[in-house]
$ cat input39.cif   # mmCIF, N, CA and C atoms
data_structure
#
loop_
_atom_site.label_atom_id
_atom_site.label_comp_id
_atom_site.auth_asym_id
_atom_site.auth_seq_id
_atom_site.Cartn_x
_atom_site.Cartn_y
_atom_site.Cartn_z
N MET A 132 191.08 40.11 312.83
CA MET A 132 190.73 41.15 313.78
C MET A 132 189.43 40.75 314.48
N ILE A 133 189.40 40.99 315.77
CA ILE A 133 188.21 40.74 316.58
C ILE A 133 187.58 42.07 316.90
N GLU A 134 186.28 42.19 316.66
CA GLU A 134 185.54 43.39 317.03
C GLU A 134 184.58 43.04 318.15
N ILE A 135 184.58 43.84 319.20
CA ILE A 135 183.82 43.56 320.41
C ILE A 135 182.99 44.78 320.78
N THR A 136 181.75 44.55 321.21
CA THR A 136 180.92 45.62 321.74
C THR A 136 180.49 45.26 323.15
N PHE A 137 180.71 46.18 324.07
CA PHE A 137 180.20 46.07 325.44
C PHE A 137 179.01 47.01 325.54
N GLN A 138 177.87 46.52 325.99
CA GLN A 138 176.69 47.36 326.18
C GLN A 138 176.24 47.25 327.63
N GLY A 139 176.00 48.39 328.24
CA GLY A 139 175.57 48.40 329.62
C GLY A 139 174.93 49.71 329.98
N ARG A 140 174.97 50.01 331.26
CA ARG A 140 174.39 51.25 331.76
C ARG A 140 175.46 52.02 332.53
N GLY A 141 175.31 53.34 332.54
CA GLY A 141 176.24 54.19 333.25
C GLY A 141 176.37 53.76 334.70
N GLY A 142 177.61 53.62 335.17
CA GLY A 142 177.86 53.22 336.55
C GLY A 142 178.21 51.75 336.69
N GLN A 143 178.10 50.96 335.62
CA GLN A 143 178.43 49.54 335.69
C GLN A 143 179.90 49.27 335.38
N GLY A 144 180.62 50.25 334.89
CA GLY A 144 182.03 50.07 334.58
C GLY A 144 182.29 49.58 333.17
N VAL A 145 181.39 49.86 332.24
CA VAL A 145 181.53 49.41 330.85
C VAL A 145 182.78 49.99 330.21
N VAL A 146 182.98 51.28 330.33
CA VAL A 146 184.12 51.95 329.71
C VAL A 146 185.43 51.46 330.33
N VAL A 147 185.47 51.36 331.64
CA VAL A 147 186.68 50.89 332.32
C VAL A 147 187.00 49.46 331.92
N ALA A 148 185.99 48.60 331.81
CA ALA A 148 186.22 47.21 331.40
C ALA A 148 186.83 47.14 330.01
N SER A 149 186.35 47.96 329.09
CA SER A 149 186.91 47.95 327.73
C SER A 149 188.37 48.43 327.74
N GLU A 150 188.66 49.40 328.59
CA GLU A 150 190.03 49.89 328.69
C GLU A 150 190.96 48.83 329.31
N ILE A 151 190.46 48.11 330.31
CA ILE A 151 191.26 47.04 330.93
C ILE A 151 191.56 45.94 329.92
N LEU A 152 190.54 45.51 329.17
CA LEU A 152 190.74 44.46 328.18
C LEU A 152 191.71 44.92 327.09
N SER A 153 191.56 46.15 326.64
CA SER A 153 192.47 46.68 325.62
C SER A 153 193.90 46.71 326.13
N ARG A 154 194.08 47.14 327.36
CA ARG A 154 195.43 47.19 327.95
C ARG A 154 196.04 45.80 328.07
N ALA A 155 195.23 44.82 328.49
CA ALA A 155 195.72 43.45 328.62
C ALA A 155 196.18 42.91 327.27
N CYS A 156 195.42 43.20 326.22
CA CYS A 156 195.81 42.75 324.88
C CYS A 156 197.08 43.46 324.42
N PHE A 157 197.19 44.75 324.73
CA PHE A 157 198.40 45.51 324.39
C PHE A 157 199.62 44.92 325.09
N GLU A 158 199.46 44.57 326.36
CA GLU A 158 200.56 43.98 327.13
C GLU A 158 201.01 42.65 326.54
N GLU A 159 200.13 41.96 325.81
CA GLU A 159 200.49 40.71 325.15
C GLU A 159 201.07 40.93 323.76
N GLY A 160 201.26 42.19 323.38
CA GLY A 160 201.88 42.48 322.09
C GLY A 160 200.91 42.61 320.94
N ARG A 161 199.62 42.69 321.25
CA ARG A 161 198.62 42.85 320.20
C ARG A 161 198.28 44.33 320.04
N TYR A 162 197.49 44.63 319.03
CA TYR A 162 197.11 46.01 318.75
C TYR A 162 195.63 46.21 319.07
N PRO A 163 195.33 46.90 320.16
CA PRO A 163 193.93 47.18 320.49
C PRO A 163 193.53 48.59 320.05
N GLN A 164 192.26 48.74 319.82
CA GLN A 164 191.67 50.05 319.56
C GLN A 164 190.39 50.10 320.38
N CYS A 165 190.22 51.11 321.20
CA CYS A 165 189.11 51.17 322.13
C CYS A 165 188.46 52.55 322.08
N PHE A 166 187.13 52.58 321.98
CA PHE A 166 186.42 53.86 322.02
C PHE A 166 185.02 53.61 322.57
N SER A 167 184.44 54.65 323.16
CA SER A 167 183.13 54.51 323.81
C SER A 167 182.17 55.56 323.28
N VAL A 168 180.87 55.28 323.47
CA VAL A 168 179.83 56.21 323.07
C VAL A 168 178.90 56.42 324.26
N PHE A 169 178.87 57.64 324.72
CA PHE A 169 177.92 58.03 325.76
C PHE A 169 177.89 59.54 325.81
N GLY A 170 176.83 60.06 326.31
CA GLY A 170 176.70 61.51 326.41
C GLY A 170 176.82 61.93 327.86
N GLY A 171 176.27 63.07 328.17
CA GLY A 171 176.31 63.57 329.53
C GLY A 171 175.15 63.04 330.35
N GLU A 172 174.71 61.85 330.03
CA GLU A 172 173.55 61.29 330.71
C GLU A 172 173.86 60.97 332.17
N ARG A 173 172.83 60.63 332.84
CA ARG A 173 172.94 60.29 334.25
C ARG A 173 173.31 58.82 334.42
N ARG A 174 173.59 58.46 335.63
CA ARG A 174 173.86 57.07 336.00
C ARG A 174 172.66 56.22 335.58
N GLY A 175 172.92 55.10 334.95
CA GLY A 175 171.85 54.20 334.52
C GLY A 175 171.46 54.35 333.06
N ALA A 176 171.96 55.37 332.39
CA ALA A 176 171.65 55.56 330.97
C ALA A 176 172.49 54.57 330.14
N PRO A 177 172.00 54.17 328.97
CA PRO A 177 172.75 53.23 328.13
C PRO A 177 174.12 53.75 327.73
N VAL A 178 175.11 52.85 327.77
CA VAL A 178 176.49 53.15 327.40
C VAL A 178 176.98 52.02 326.52
N ALA A 179 177.77 52.35 325.51
CA ALA A 179 178.38 51.32 324.66
C ALA A 179 179.88 51.61 324.54
N SER A 180 180.66 50.57 324.56
CA SER A 180 182.09 50.68 324.38
C SER A 180 182.52 49.66 323.33
N PHE A 181 183.44 50.05 322.48
CA PHE A 181 183.83 49.24 321.34
C PHE A 181 185.33 48.97 321.37
N ILE A 182 185.71 47.75 320.99
CA ILE A 182 187.11 47.35 321.00
C ILE A 182 187.41 46.59 319.72
N ARG A 183 188.54 46.88 319.15
CA ARG A 183 189.09 46.07 318.07
C ARG A 183 190.42 45.53 318.58
N ILE A 184 190.71 44.27 318.29
CA ILE A 184 191.97 43.67 318.68
C ILE A 184 192.52 42.92 317.48
N SER A 185 193.78 43.18 317.18
CA SER A 185 194.40 42.54 316.02
C SER A 185 195.86 42.23 316.32
N ASP A 186 196.41 41.33 315.54
CA ASP A 186 197.84 41.03 315.64
C ASP A 186 198.66 41.98 314.77
N GLU A 187 197.97 42.81 313.98
CA GLU A 187 198.61 43.80 313.14
C GLU A 187 198.04 45.18 313.46
N LYS A 188 198.73 46.23 313.05
CA LYS A 188 198.24 47.58 313.31
C LYS A 188 196.85 47.76 312.71
N ILE A 189 196.02 48.52 313.41
CA ILE A 189 194.65 48.77 312.99
C ILE A 189 194.57 50.18 312.41
N TYR A 190 194.18 50.26 311.15
CA TYR A 190 194.04 51.55 310.49
C TYR A 190 192.58 51.95 310.33
N LEU A 191 191.67 51.04 310.61
CA LEU A 191 190.24 51.28 310.50
C LEU A 191 189.81 52.31 311.53
N LYS A 192 189.05 53.29 311.13
CA LYS A 192 188.61 54.36 312.04
C LYS A 192 187.10 54.58 311.94
N CYS A 193 186.33 53.52 311.92
CA CYS A 193 184.88 53.66 311.81
C CYS A 193 184.19 52.91 312.96
N ASP A 194 182.90 53.10 313.05
CA ASP A 194 182.12 52.42 314.08
C ASP A 194 182.12 50.91 313.86
N ILE A 195 181.79 50.20 314.89
CA ILE A 195 181.59 48.76 314.80
C ILE A 195 180.09 48.52 314.79
N ASP A 196 179.57 48.15 313.63
CA ASP A 196 178.12 47.96 313.50
C ASP A 196 177.67 46.55 313.88
N ARG A 197 178.49 45.57 313.53
CA ARG A 197 178.11 44.17 313.76
C ARG A 197 179.33 43.42 314.27
N PRO A 198 179.56 43.45 315.59
CA PRO A 198 180.76 42.84 316.14
C PRO A 198 180.72 41.32 316.10
N GLY A 199 181.87 40.73 316.28
CA GLY A 199 181.96 39.28 316.42
C GLY A 199 181.67 38.85 317.84
N HIS A 200 181.90 39.75 318.80
CA HIS A 200 181.66 39.47 320.21
C HIS A 200 180.78 40.57 320.79
N LEU A 201 179.76 40.18 321.54
CA LEU A 201 178.83 41.14 322.13
C LEU A 201 178.62 40.79 323.59
N VAL A 202 178.84 41.76 324.47
CA VAL A 202 178.73 41.55 325.91
C VAL A 202 177.71 42.52 326.46
N PHE A 203 176.67 41.97 327.10
CA PHE A 203 175.64 42.78 327.73
C PHE A 203 175.89 42.83 329.23
N PHE A 204 176.19 44.01 329.74
CA PHE A 204 176.40 44.21 331.16
C PHE A 204 175.06 44.27 331.90
N ASP A 205 173.98 44.53 331.17
CA ASP A 205 172.65 44.64 331.75
C ASP A 205 171.68 43.82 330.90
N GLY A 206 171.07 42.83 331.52
CA GLY A 206 170.17 41.93 330.79
C GLY A 206 168.98 42.63 330.18
N SER A 207 168.58 43.80 330.71
CA SER A 207 167.42 44.50 330.16
C SER A 207 167.70 45.09 328.77
N LEU A 208 168.95 45.17 328.39
CA LEU A 208 169.32 45.68 327.06
C LEU A 208 169.29 44.57 326.00
N PHE A 209 169.19 43.33 326.44
CA PHE A 209 169.24 42.17 325.54
C PHE A 209 167.87 41.88 324.97
N ASP A 210 167.77 41.77 323.65
CA ASP A 210 166.54 41.39 322.97
C ASP A 210 166.88 40.26 322.00
N GLU A 211 166.50 39.05 322.35
CA GLU A 211 166.85 37.88 321.54
C GLU A 211 166.35 38.00 320.10
N LYS A 212 165.24 38.69 319.90
CA LYS A 212 164.67 38.83 318.55
C LYS A 212 165.54 39.70 317.66
N GLN A 213 166.30 40.61 318.24
CA GLN A 213 167.12 41.52 317.45
C GLN A 213 168.59 41.12 317.42
N ILE A 214 168.96 40.07 318.12
CA ILE A 214 170.38 39.73 318.27
C ILE A 214 171.04 39.38 316.94
N SER A 215 170.31 38.76 316.03
CA SER A 215 170.91 38.38 314.74
C SER A 215 171.32 39.60 313.93
N GLU A 216 170.72 40.76 314.19
CA GLU A 216 171.08 41.99 313.50
C GLU A 216 172.26 42.70 314.16
N GLN A 217 172.60 42.29 315.40
CA GLN A 217 173.62 42.98 316.17
C GLN A 217 174.97 42.29 316.18
N ILE A 218 175.04 41.02 315.80
CA ILE A 218 176.27 40.25 315.94
C ILE A 218 176.46 39.34 314.73
N THR A 219 177.70 39.01 314.42
CA THR A 219 177.95 38.10 313.31
C THR A 219 177.39 36.72 313.63
N PRO A 220 177.00 35.95 312.63
CA PRO A 220 176.33 34.66 312.86
C PRO A 220 177.14 33.64 313.68
N ASP A 221 178.46 33.70 313.63
CA ASP A 221 179.29 32.74 314.36
C ASP A 221 179.95 33.40 315.57
N GLY A 222 179.32 34.44 316.10
CA GLY A 222 179.93 35.25 317.15
C GLY A 222 179.83 34.68 318.55
N VAL A 223 180.26 35.50 319.50
CA VAL A 223 180.27 35.17 320.92
C VAL A 223 179.37 36.16 321.64
N LEU A 224 178.49 35.64 322.49
CA LEU A 224 177.57 36.47 323.24
C LEU A 224 177.71 36.15 324.72
N LEU A 225 177.86 37.19 325.55
CA LEU A 225 177.88 37.03 327.00
C LEU A 225 176.81 37.92 327.58
N LEU A 226 175.96 37.33 328.42
CA LEU A 226 174.83 38.05 329.00
C LEU A 226 174.91 38.02 330.51
N ASN A 227 174.83 39.20 331.12
CA ASN A 227 174.77 39.32 332.57
C ASN A 227 173.31 39.38 332.99
N THR A 228 172.84 38.37 333.68
CA THR A 228 171.46 38.34 334.15
C THR A 228 171.33 37.36 335.30
N ASP A 229 170.33 37.58 336.13
CA ASP A 229 170.06 36.64 337.21
C ASP A 229 168.96 35.66 336.83
N GLU A 230 168.43 35.79 335.62
CA GLU A 230 167.39 34.89 335.13
C GLU A 230 168.00 33.72 334.37
N VAL A 231 167.34 32.59 334.42
CA VAL A 231 167.76 31.43 333.63
C VAL A 231 167.22 31.65 332.22
N CYS A 232 168.11 31.67 331.25
CA CYS A 232 167.73 31.96 329.87
C CYS A 232 167.90 30.73 328.99
N GLN A 233 167.02 30.61 328.02
CA GLN A 233 167.12 29.59 326.99
C GLN A 233 167.52 30.31 325.71
N PHE A 234 168.61 29.89 325.10
CA PHE A 234 169.14 30.59 323.93
C PHE A 234 168.97 29.76 322.66
N GLY A 235 167.87 29.05 322.52
CA GLY A 235 167.66 28.16 321.39
C GLY A 235 167.65 28.84 320.05
N ALA A 236 167.17 30.07 319.97
CA ALA A 236 167.01 30.75 318.68
C ALA A 236 168.27 31.48 318.23
N LEU A 237 169.38 31.29 318.93
CA LEU A 237 170.58 32.06 318.61
C LEU A 237 171.52 31.35 317.64
N GLY A 238 171.14 30.20 317.15
CA GLY A 238 171.93 29.53 316.12
C GLY A 238 173.30 29.08 316.58
N ASP A 239 174.35 29.46 315.80
CA ASP A 239 175.71 29.00 316.04
C ASP A 239 176.52 29.90 316.98
N LEU A 240 175.86 30.82 317.66
CA LEU A 240 176.59 31.69 318.58
C LEU A 240 177.14 30.89 319.76
N LYS A 241 178.31 31.28 320.20
CA LYS A 241 178.86 30.75 321.45
C LYS A 241 178.31 31.66 322.55
N VAL A 242 177.55 31.10 323.48
CA VAL A 242 176.82 31.90 324.45
C VAL A 242 177.29 31.60 325.86
N GLY A 243 177.45 32.66 326.64
CA GLY A 243 177.77 32.53 328.06
C GLY A 243 176.82 33.39 328.86
N GLN A 244 176.61 33.00 330.10
CA GLN A 244 175.72 33.74 330.99
C GLN A 244 176.36 33.83 332.36
N ILE A 245 176.20 34.98 333.03
CA ILE A 245 176.78 35.18 334.35
C ILE A 245 175.83 36.05 335.17
N ASN A 246 175.82 35.82 336.46
CA ASN A 246 175.13 36.71 337.39
C ASN A 246 176.20 37.54 338.08
N ALA A 247 176.69 38.54 337.38
CA ALA A 247 177.82 39.35 337.86
C ALA A 247 177.46 40.20 339.06
N LEU A 248 176.20 40.61 339.16
CA LEU A 248 175.80 41.43 340.30
C LEU A 248 175.93 40.64 341.60
N GLU A 249 175.51 39.39 341.59
CA GLU A 249 175.64 38.55 342.78
C GLU A 249 177.11 38.35 343.16
N ILE A 250 177.95 38.09 342.16
CA ILE A 250 179.38 37.91 342.40
C ILE A 250 180.00 39.19 342.95
N SER A 251 179.64 40.33 342.37
CA SER A 251 180.20 41.61 342.82
C SER A 251 179.79 41.93 344.25
N LYS A 252 178.52 41.72 344.55
CA LYS A 252 178.05 41.99 345.92
C LYS A 252 178.73 41.06 346.92
N LYS A 253 178.88 39.81 346.54
CA LYS A 253 179.51 38.83 347.42
C LYS A 253 180.96 39.20 347.73
N ASN A 254 181.61 39.90 346.81
CA ASN A 254 183.01 40.28 346.97
C ASN A 254 183.19 41.74 347.39
N GLY A 255 182.12 42.38 347.84
CA GLY A 255 182.21 43.73 348.37
C GLY A 255 182.36 44.83 347.33
N LEU A 256 181.95 44.57 346.10
CA LEU A 256 182.09 45.57 345.04
C LEU A 256 180.79 46.31 344.74
N GLY A 257 179.73 46.00 345.45
CA GLY A 257 178.45 46.66 345.22
C GLY A 257 177.89 46.34 343.85
N SER A 258 177.44 47.39 343.15
CA SER A 258 176.81 47.18 341.83
C SER A 258 177.79 47.33 340.67
N ILE A 259 179.07 47.47 340.96
CA ILE A 259 180.08 47.57 339.90
C ILE A 259 180.40 46.16 339.41
N VAL A 260 179.90 45.81 338.23
CA VAL A 260 179.97 44.43 337.75
C VAL A 260 181.07 44.20 336.71
N ASN A 261 181.84 45.24 336.38
CA ASN A 261 182.75 45.10 335.25
C ASN A 261 183.82 44.03 335.42
N THR A 262 184.39 43.88 336.61
CA THR A 262 185.46 42.89 336.75
C THR A 262 184.93 41.46 336.66
N ALA A 263 183.75 41.23 337.22
CA ALA A 263 183.16 39.89 337.13
C ALA A 263 182.82 39.54 335.68
N ILE A 264 182.25 40.49 334.97
CA ILE A 264 181.90 40.26 333.56
C ILE A 264 183.15 40.09 332.71
N LEU A 265 184.15 40.90 332.96
CA LEU A 265 185.39 40.80 332.21
C LEU A 265 186.05 39.44 332.43
N GLY A 266 186.04 38.97 333.66
CA GLY A 266 186.57 37.63 333.95
C GLY A 266 185.81 36.55 333.21
N ALA A 267 184.49 36.65 333.17
CA ALA A 267 183.68 35.66 332.46
C ALA A 267 183.94 35.72 330.96
N TYR A 268 184.09 36.94 330.43
CA TYR A 268 184.36 37.10 329.00
C TYR A 268 185.70 36.48 328.61
N VAL A 269 186.71 36.75 329.41
CA VAL A 269 188.04 36.19 329.13
C VAL A 269 187.99 34.68 329.22
N ARG A 270 187.28 34.15 330.18
CA ARG A 270 187.14 32.68 330.32
C ARG A 270 186.42 32.08 329.12
N LEU A 271 185.36 32.77 328.66
CA LEU A 271 184.57 32.28 327.54
C LEU A 271 185.35 32.30 326.24
N THR A 272 186.16 33.34 326.02
CA THR A 272 186.83 33.54 324.74
C THR A 272 188.30 33.17 324.72
N GLN A 273 188.94 33.11 325.90
CA GLN A 273 190.39 32.89 325.99
C GLN A 273 191.16 33.95 325.19
N ILE A 274 190.63 35.18 325.17
CA ILE A 274 191.22 36.27 324.38
C ILE A 274 192.57 36.71 324.92
N VAL A 275 192.77 36.61 326.23
CA VAL A 275 194.08 36.89 326.84
C VAL A 275 194.40 35.76 327.80
#
$ encode --input "input39.cif" --output "structure tokens"
Amino acid sequence: MIEITFQGRGGQGVVVASEILSRACFEEGRYPQCFSVFGGERRGAPVASFIRISDEKIYLKCDIDRPGHLVFFDGSLFDEKQISEQITPDGVLLLNTDEVCQFGALGDLKVGQINALEISKKNGLGSIVNTAILGAYVRLTQIV
């Protein structure tokens, strides 16, 4: 089973991206489980969405504390010093940022970086970065 956490801000399409990925896995005959955590906050407030994907039915009904895959839709939510507490040691990390990052302290993680905002603006999508990030995540992981 793969456990994935998407972290971003309200208005970036975090919840929709998790639903799209879950649906794509379902269409391939896998078993997805998708749920999100957010309150009645305003646009720009932190949002998290969680996905489990398995080749067998999923009976687990608890939070995902330490996923194997972690995707940051907003680079300001990323803290390299705390990453080892947030993801499994051999996990996959995707970071959306326009800054050049050095990921030396991340050990055996498979790391990807994208400037999804630039891609979205270039394609007329404004600040909605979910499709660009989802494309990068699928490319990085080959999950579907």
$ closest_residue --input "input39.cif" --among "A:Gln244, A:Glu134, A:Leu152, A:Lys212" --to "Leu191 (chain A)" --atoms "only C-alpha atoms"
A:Glu134
$ resolve_selection --input "input39.cif" --expression "the PyMOL selection byres ((chain A and resi 202) around 6)" --output "CSV table (one decimal) with N, CA and C atoms, in the coordinates of the input"
chain,number,residue,atom,x,y,z
A,136,THR,N,181.8,44.6,321.2
A,136,THR,CA,180.9,45.6,321.7
A,136,THR,C,180.5,45.3,323.2
A,137,PHE,N,180.7,46.2,324.1
A,137,PHE,CA,180.2,46.1,325.4
A,137,PHE,C,179.0,47.0,325.5
A,138,GLN,N,177.9,46.5,326.0
A,138,GLN,CA,176.7,47.4,326.2
A,138,GLN,C,176.2,47.2,327.6
A,200,HIS,N,181.9,39.8,318.8
A,200,HIS,CA,181.7,39.5,320.2
A,200,HIS,C,180.8,40.6,320.8
A,201,LEU,N,179.8,40.2,321.5
A,201,LEU,CA,178.8,41.1,322.1
A,201,LEU,C,178.6,40.8,323.6
A,203,PHE,N,176.7,42.0,327.1
A,203,PHE,CA,175.6,42.8,327.7
A,203,PHE,C,175.9,42.8,329.2
A,204,PHE,N,176.2,44.0,329.7
A,204,PHE,CA,176.4,44.2,331.2
A,204,PHE,C,175.1,44.3,331.9
A,224,LEU,N,178.5,35.6,322.5
A,224,LEU,CA,177.6,36.5,323.2
A,224,LEU,C,177.7,36.2,324.7
A,225,LEU,N,177.9,37.2,325.6
A,225,LEU,CA,177.9,37.0,327.0
A,225,LEU,C,176.8,37.9,327.6
A,226,LEU,N,176.0,37.3,328.4
A,226,LEU,CA,174.8,38.0,329.0
A,226,LEU,C,174.9,38.0,330.5
$ closest_residue --input "input39.cif" --among "A:Val168, A:Ile133, A:Ala148, A:Ile195" --to "Ala267 (chain A)" --atoms "only C-alpha atoms"
A:Ala148
$ resolve_selection --input "input39.cif" --expression "the PyMOL selection byres ((chain A and resi 228) around 6)" --output "PyMOL selection string"
chain A and resi 206+226-227+229-230+244-247
$ resolve_selection --input "input39.cif" --expression "the PyMOL selection byres ((chain A and resi 140) around 8)" --output "JSON list (two decimals) with N, CA and C atoms, keeping the file's coordinate frame"
[["chain", "number", "residue", "atom", "x", "y", "z"],
["A", 137, "PHE", "N", 180.71, 46.18, 324.07],
["A", 137, "PHE", "CA", 180.20, 46.07, 325.44],
["A", 137, "PHE", "C", 179.01, 47.01, 325.54],
["A", 138, "GLN", "N", 177.87, 46.52, 325.99],
["A", 138, "GLN", "CA", 176.69, 47.36, 326.18],
["A", 138, "GLN", "C", 176.24, 47.25, 327.63],
["A", 139, "GLY", "N", 176.00, 48.39, 328.24],
["A", 139, "GLY", "CA", 175.57, 48.40, 329.62],
["A", 139, "GLY", "C", 174.93, 49.71, 329.98],
["A", 141, "GLY", "N", 175.31, 53.34, 332.54],
["A", 141, "GLY", "CA", 176.24, 54.19, 333.25],
["A", 141, "GLY", "C", 176.37, 53.76, 334.70],
["A", 142, "GLY", "N", 177.61, 53.62, 335.17],
["A", 142, "GLY", "CA", 177.86, 53.22, 336.55],
["A", 142, "GLY", "C", 178.21, 51.75, 336.69],
["A", 143, "GLN", "N", 178.10, 50.96, 335.62],
["A", 143, "GLN", "CA", 178.43, 49.54, 335.69],
["A", 143, "GLN", "C", 179.90, 49.27, 335.38],
["A", 144, "GLY", "N", 180.62, 50.25, 334.89],
["A", 144, "GLY", "CA", 182.03, 50.07, 334.58],
["A", 144, "GLY", "C", 182.29, 49.58, 333.17],
["A", 145, "VAL", "N", 181.39, 49.86, 332.24],
["A", 145, "VAL", "CA", 181.53, 49.41, 330.85],
["A", 145, "VAL", "C", 182.78, 49.99, 330.21],
["A", 146, "VAL", "N", 182.98, 51.28, 330.33],
["A", 146, "VAL", "CA", 184.12, 51.95, 329.71],
["A", 146, "VAL", "C", 185.43, 51.46, 330.33],
["A", 173, "ARG", "N", 172.83, 60.63, 332.84],
["A", 173, "ARG", "CA", 172.94, 60.29, 334.25],
["A", 173, "ARG", "C", 173.31, 58.82, 334.42],
["A", 174, "ARG", "N", 173.59, 58.46, 335.63],
["A", 174, "ARG", "CA", 173.86, 57.07, 336.00],
["A", 174, "ARG", "C", 172.66, 56.22, 335.58],
["A", 175, "GLY", "N", 172.92, 55.10, 334.95],
["A", 175, "GLY", "CA", 171.85, 54.20, 334.52],
["A", 175, "GLY", "C", 171.46, 54.35, 333.06],
["A", 176, "ALA", "N", 171.96, 55.37, 332.39],
["A", 176, "ALA", "CA", 171.65, 55.56, 330.97],
["A", 176, "ALA", "C", 172.49, 54.57, 330.14],
["A", 177, "PRO", "N", 172.00, 54.17, 328.97],
["A", 177, "PRO", "CA", 172.75, 53.23, 328.13],
["A", 177, "PRO", "C", 174.12, 53.75, 327.73],
["A", 178, "VAL", "N", 175.11, 52.85, 327.77],
["A", 178, "VAL", "CA", 176.49, 53.15, 327.40],
["A", 178, "VAL", "C", 176.98, 52.02, 326.52],
["A", 179, "ALA", "N", 177.77, 52.35, 325.51],
["A", 179, "ALA", "CA", 178.38, 51.32, 324.66],
["A", 179, "ALA", "C", 179.88, 51.61, 324.54],
["A", 203, "PHE", "N", 176.67, 41.97, 327.10],
["A", 203, "PHE", "CA", 175.64, 42.78, 327.73],
["A", 203, "PHE", "C", 175.89, 42.83, 329.23],
["A", 204, "PHE", "N", 176.19, 44.01, 329.74],
["A", 204, "PHE", "CA", 176.40, 44.21, 331.16],
["A", 204, "PHE", "C", 175.06, 44.27, 331.90],
["A", 205, "ASP", "N", 173.98, 44.53, 331.17],
["A", 205, "ASP", "CA", 172.65, 44.64, 331.75],
["A", 205, "ASP", "C", 171.68, 43.82, 330.90]]
$ decode --input "input39.cif" --residues "region 194-205 of chain A" --atoms "N, CA, C and O atoms" --output "PDB file, in the first residue's frame"
ATOM      1  N   ASP A 194      -5.723   8.129  10.290  1.00  0.00           N
ATOM      2  CA  ASP A 194      -4.921   9.167   9.649  1.00  0.00           C
ATOM      3  C   ASP A 194      -3.629   8.589   9.094  1.00  0.00           C
ATOM      4  O   ASP A 194      -3.172   7.515   9.503  1.00  0.00           O
ATOM      5  N   ILE A 195      -3.040   9.314   8.200  1.00  0.00           N
ATOM      6  CA  ILE A 195      -1.715   8.973   7.681  1.00  0.00           C
ATOM      7  C   ILE A 195      -0.729   9.914   8.363  1.00  0.00           C
ATOM      8  O   ILE A 195      -0.712  11.110   8.094  1.00  0.00           O
ATOM      9  N   ASP A 196       0.057   9.359   9.280  1.00  0.00           N
ATOM     10  CA  ASP A 196       0.997  10.189  10.038  1.00  0.00           C
ATOM     11  C   ASP A 196       2.337  10.347   9.345  1.00  0.00           C
ATOM     12  O   ASP A 196       2.957  11.400   9.408  1.00  0.00           O
ATOM     13  N   ARG A 197       2.790   9.282   8.698  1.00  0.00           N
ATOM     14  CA  ARG A 197       4.114   9.297   8.070  1.00  0.00           C
ATOM     15  C   ARG A 197       4.015   8.615   6.708  1.00  0.00           C
ATOM     16  O   ARG A 197       4.283   7.425   6.573  1.00  0.00           O
ATOM     17  N   PRO A 198       3.644   9.381   5.678  1.00  0.00           N
ATOM     18  CA  PRO A 198       3.429   8.779   4.361  1.00  0.00           C
ATOM     19  C   PRO A 198       4.727   8.354   3.691  1.00  0.00           C
ATOM     20  O   PRO A 198       5.814   8.798   4.061  1.00  0.00           O
ATOM     21  N   GLY A 199       4.581   7.533   2.681  1.00  0.00           N
ATOM     22  CA  GLY A 199       5.720   7.163   1.848  1.00  0.00           C
ATOM     23  C   GLY A 199       5.994   8.212   0.792  1.00  0.00           C
ATOM     24  O   GLY A 199       7.109   8.349   0.316  1.00  0.00           O
ATOM     25  N   HIS A 200       4.955   8.970   0.419  1.00  0.00           N
ATOM     26  CA  HIS A 200       5.078  10.021  -0.590  1.00  0.00           C
ATOM     27  C   HIS A 200       4.523  11.316  -0.010  1.00  0.00           C
ATOM     28  O   HIS A 200       3.430  11.316   0.573  1.00  0.00           O
ATOM     29  N   LEU A 201       5.253  12.405  -0.190  1.00  0.00           N
ATOM     30  CA  LEU A 201       4.848  13.701   0.333  1.00  0.00           C
ATOM     31  C   LEU A 201       5.005  14.749  -0.753  1.00  0.00           C
ATOM     32  O   LEU A 201       6.073  14.872  -1.358  1.00  0.00           O
ATOM     33  N   VAL A 202       3.929  15.479  -1.028  1.00  0.00           N
ATOM     34  CA  VAL A 202       3.917  16.479  -2.093  1.00  0.00           C
ATOM     35  C   VAL A 202       3.556  17.824  -1.487  1.00  0.00           C
ATOM     36  O   VAL A 202       2.492  17.972  -0.877  1.00  0.00           O
ATOM     37  N   PHE A 203       4.449  18.797  -1.655  1.00  0.00           N
ATOM     38  CA  PHE A 203       4.206  20.152  -1.173  1.00  0.00           C
ATOM     39  C   PHE A 203       3.782  21.028  -2.341  1.00  0.00           C
ATOM     40  O   PHE A 203       4.568  21.278  -3.251  1.00  0.00           O
ATOM     41  N   PHE A 204       2.549  21.510  -2.297  1.00  0.00           N
ATOM     42  CA  PHE A 204       2.035  22.405  -3.324  1.00  0.00           C
ATOM     43  C   PHE A 204       2.565  23.825  -3.112  1.00  0.00           C
ATOM     44  O   PHE A 204       2.524  24.638  -4.008  1.00  0.00           O
ATOM     45  N   ASP A 205       3.035  24.120  -1.902  1.00  0.00           N
ATOM     46  CA  ASP A 205       3.548  25.442  -1.562  1.00  0.00           C
ATOM     47  C   ASP A 205       4.886  25.270  -0.850  1.00  0.00           C
ATOM     48  O   ASP A 205       4.947  24.656   0.212  1.00  0.00           O
TER      49      ASP A 205
END
